[in-house]
Amino acid sequence: MRALTVALGTALILSAATAQASFLDKLKGAVDQVTSGSGGSGSATTSGLATDQIIAGLKEALRVGAERVVAQVGAVDGFNADPKIHIPLPDQLAKAQDVMRKFGLGAMADDVELRLNRAAEEAAPKTKELIWKAVNEMTLDDAKKIYDGPQDAATQYFKRVATPDLKATVEPVIDNALKQVGAITAYDSLMSKYKGLPLVPDVKADLQAHATQLTLDGIFHYLAKEEADIRANPAARTTDLLKQVFGGS
């Protein structure tokens, strides 16, 4: 612990003069020294912050980001009205959509698409606790890899360690939500009408798998954006601990 503190103290002293710089870059050298066993001594940094506070700051930054993302995409139209993460019909249905419109089934197809997005919006809030769990279980070595990594290093960490749990949690929620918002009934009605059309190709779609995967993709998309914002923008550090550890404006 004493080896850690002098190195971290140096990084933190410089933070006031480099407030716009990436806060993870400020700590990178300190973490490198700690994990390699070099550095000075002391149980706390010269700024009064101990090692566990530094790591807590990183974890809180990621928890804050995750909470923002889940609140955004889990709201009404969080998926549906956002062109970056809007869930389209599955490929086979999308290819048949023009044919459907010619025969007056366009509105039914659009309704199924809307309901897919409503299911995603309902499922998204269930992911927050799992993302927080991944944050809480982050080790010092994980943190170092995030410091050293690209702008979405933390998001890639979430994908690696949390995707199986997220998928297992989201799938039944999506399945239930698809039923609750009427997507399954709407899909069945659409397919019944579509199959009655002359000379149309057969189409099949797994709405649950499609909506589950794109729900997770949408969440990860905004986690990466939030991570980049927190790295670069002092205004994104909204809690007392984040301001204490990383500085702010």
# chains A, B, ... in the order shown; residues from 1 in each chain; ligands from 1
$ residues_around --residues "Glu226 of chain A" --least-positions-apart "3" --cutoff "12 Å" --atoms "only C-alpha atoms" --output "PDB file with N, CA and C atoms, in the first residue's frame"
ATOM      1  N   ALA A  61     -17.753   6.038 -11.143  1.00  0.00           N
ATOM      2  CA  ALA A  61     -17.920   6.628 -12.462  1.00  0.00           C
ATOM      3  C   ALA A  61     -18.675   5.680 -13.382  1.00  0.00           C
ATOM      4  N   LEU A  62     -18.320   4.405 -13.332  1.00  0.00           N
ATOM      5  CA  LEU A  62     -18.975   3.422 -14.197  1.00  0.00           C
ATOM      6  C   LEU A  62     -20.400   3.137 -13.738  1.00  0.00           C
ATOM      7  N   ARG A  63     -20.632   3.141 -12.425  1.00  0.00           N
ATOM      8  CA  ARG A  63     -22.006   2.957 -11.937  1.00  0.00           C
ATOM      9  C   ARG A  63     -22.888   4.122 -12.355  1.00  0.00           C
ATOM     10  N   VAL A  64     -22.357   5.347 -12.230  1.00  0.00           N
ATOM     11  CA  VAL A  64     -23.118   6.534 -12.634  1.00  0.00           C
ATOM     12  C   VAL A  64     -23.458   6.454 -14.119  1.00  0.00           C
ATOM     13  N   GLY A  65     -22.458   6.066 -14.928  1.00  0.00           N
ATOM     14  CA  GLY A  65     -22.705   5.950 -16.359  1.00  0.00           C
ATOM     15  C   GLY A  65     -23.762   4.919 -16.680  1.00  0.00           C
ATOM     16  N   ALA A  66     -23.683   3.763 -16.018  1.00  0.00           N
ATOM     17  CA  ALA A  66     -24.661   2.705 -16.261  1.00  0.00           C
ATOM     18  C   ALA A  66     -26.065   3.159 -15.874  1.00  0.00           C
ATOM     19  N   GLU A  67     -26.167   3.858 -14.766  1.00  0.00           N
ATOM     20  CA  GLU A  67     -27.486   4.321 -14.323  1.00  0.00           C
ATOM     21  C   GLU A  67     -28.088   5.294 -15.328  1.00  0.00           C
ATOM     22  N   ARG A  68     -27.260   6.188 -15.856  1.00  0.00           N
ATOM     23  CA  ARG A  68     -27.739   7.136 -16.864  1.00  0.00           C
ATOM     24  C   ARG A  68     -28.240   6.410 -18.110  1.00  0.00           C
ATOM     25  N   VAL A  69     -27.453   5.440 -18.556  1.00  0.00           N
ATOM     26  CA  VAL A  69     -27.802   4.718 -19.776  1.00  0.00           C
ATOM     27  C   VAL A  69     -29.120   3.975 -19.608  1.00  0.00           C
ATOM     28  N   VAL A  70     -29.259   3.250 -18.502  1.00  0.00           N
ATOM     29  CA  VAL A  70     -30.466   2.462 -18.281  1.00  0.00           C
ATOM     30  C   VAL A  70     -31.691   3.367 -18.180  1.00  0.00           C
ATOM     31  N   GLN A  72     -32.055   6.230 -19.621  1.00  0.00           N
ATOM     32  CA  GLN A  72     -32.316   6.779 -20.955  1.00  0.00           C
ATOM     33  C   GLN A  72     -33.018   5.774 -21.852  1.00  0.00           C
ATOM     34  N   GLN A 151     -11.083   3.856 -25.556  1.00  0.00           N
ATOM     35  CA  GLN A 151     -12.151   4.652 -24.955  1.00  0.00           C
ATOM     36  C   GLN A 151     -13.323   3.810 -24.468  1.00  0.00           C
ATOM     37  N   ASP A 152     -13.496   2.622 -25.022  1.00  0.00           N
ATOM     38  CA  ASP A 152     -14.601   1.770 -24.594  1.00  0.00           C
ATOM     39  C   ASP A 152     -14.113   0.547 -23.818  1.00  0.00           C
ATOM     40  N   ALA A 153     -12.952   0.662 -23.168  1.00  0.00           N
ATOM     41  CA  ALA A 153     -12.366  -0.493 -22.479  1.00  0.00           C
ATOM     42  C   ALA A 153     -13.282  -1.028 -21.389  1.00  0.00           C
ATOM     43  N   ALA A 154     -13.921  -0.140 -20.632  1.00  0.00           N
ATOM     44  CA  ALA A 154     -14.829  -0.588 -19.574  1.00  0.00           C
ATOM     45  C   ALA A 154     -16.050  -1.279 -20.175  1.00  0.00           C
ATOM     46  N   THR A 155     -16.551  -0.743 -21.283  1.00  0.00           N
ATOM     47  CA  THR A 155     -17.689  -1.364 -21.946  1.00  0.00           C
ATOM     48  C   THR A 155     -17.328  -2.757 -22.445  1.00  0.00           C
ATOM     49  N   ILE A 219     -27.880  -1.074 -25.275  1.00  0.00           N
ATOM     50  CA  ILE A 219     -27.330  -0.709 -23.967  1.00  0.00           C
ATOM     51  C   ILE A 219     -25.816  -0.542 -24.049  1.00  0.00           C
ATOM     52  N   PHE A 220     -25.127  -1.473 -24.695  1.00  0.00           N
ATOM     53  CA  PHE A 220     -23.673  -1.378 -24.825  1.00  0.00           C
ATOM     54  C   PHE A 220     -23.267  -0.166 -25.665  1.00  0.00           C
ATOM     55  N   HIS A 221     -24.069   0.172 -26.662  1.00  0.00           N
ATOM     56  CA  HIS A 221     -23.774   1.354 -27.481  1.00  0.00           C
ATOM     57  C   HIS A 221     -23.680   2.600 -26.610  1.00  0.00           C
ATOM     58  N   TYR A 222     -24.658   2.761 -25.721  1.00  0.00           N
ATOM     59  CA  TYR A 222     -24.659   3.970 -24.900  1.00  0.00           C
ATOM     60  C   TYR A 222     -23.731   3.867 -23.692  1.00  0.00           C
ATOM     61  N   LEU A 223     -23.438   2.667 -23.242  1.00  0.00           N
ATOM     62  CA  LEU A 223     -22.410   2.532 -22.204  1.00  0.00           C
ATOM     63  C   LEU A 223     -21.062   3.021 -22.736  1.00  0.00           C
ATOM     64  N   ASP A 229     -17.597   9.954 -22.431  1.00  0.00           N
ATOM     65  CA  ASP A 229     -17.933  11.247 -21.846  1.00  0.00           C
ATOM     66  C   ASP A 229     -17.316  11.407 -20.458  1.00  0.00           C
ATOM     67  N   ILE A 230     -17.410  10.371 -19.640  1.00  0.00           N
ATOM     68  CA  ILE A 230     -16.877  10.457 -18.285  1.00  0.00           C
ATOM     69  C   ILE A 230     -15.354  10.560 -18.310  1.00  0.00           C
ATOM     70  N   ARG A 231     -14.715   9.881 -19.259  1.00  0.00           N
ATOM     71  CA  ARG A 231     -13.259   9.964 -19.374  1.00  0.00           C
ATOM     72  C   ARG A 231     -12.811  11.388 -19.687  1.00  0.00           C
ATOM     73  N   ALA A 232     -13.520  12.039 -20.606  1.00  0.00           N
ATOM     74  CA  ALA A 232     -13.026  13.297 -21.168  1.00  0.00           C
ATOM     75  C   ALA A 232     -13.641  14.557 -20.578  1.00  0.00           C
ATOM     76  N   ASN A 233     -14.824  14.451 -19.986  1.00  0.00           N
ATOM     77  CA  ASN A 233     -15.584  15.641 -19.630  1.00  0.00           C
ATOM     78  C   ASN A 233     -15.750  15.786 -18.128  1.00  0.00           C
ATOM     79  N   ALA A 236     -19.163  15.628 -16.487  1.00  0.00           N
ATOM     80  CA  ALA A 236     -19.858  14.349 -16.359  1.00  0.00           C
ATOM     81  C   ALA A 236     -19.628  13.705 -15.006  1.00  0.00           C
ATOM     82  N   ARG A 237     -18.748  14.286 -14.187  1.00  0.00           N
ATOM     83  CA  ARG A 237     -18.445  13.731 -12.865  1.00  0.00           C
ATOM     84  C   ARG A 237     -19.391  14.377 -11.858  1.00  0.00           C
TER      85      ARG A 237
END
$ residues_around --residues "Lys145 of chain A" --least-positions-apart "4" --cutoff "10 Å" --atoms "only C-alpha atoms" --output "list in words"
Lys28, Val31, Thr139, Leu140, Asp141, Gly149, Pro150, Ala153, Ala154 and Tyr157 of chain A
$ select_by_dssp --residues "segment 40-117 of chain A" --states "alpha helix (DSSP H)" --output "PyMOL selection string"
chain A and resi 51-73+91-102+106-117
$ atom_distance --atom1 "atom CA of Leu178 of chain A" --atom2 "atom CA of Ala119 of chain A"
5.6 Å
$ closest_residue --among "A:Ala107, A:Ala143, A:Val135, A:Leu114" --to "Leu89 of chain A" --atoms "only C-alpha atoms"
A:Leu114
$ closest_residue --among "A:Phe158, A:Thr215, A:Ala183, A:Gln92" --to "Glu137 of chain A" --atoms "only C-alpha atoms"
A:Phe158
$ closest_residue --among "A:Glu60, A:Asp142, A:Asp98, A:Glu121" --to "Ile85 of chain A" --atoms "only C-alpha atoms"
A:Glu121
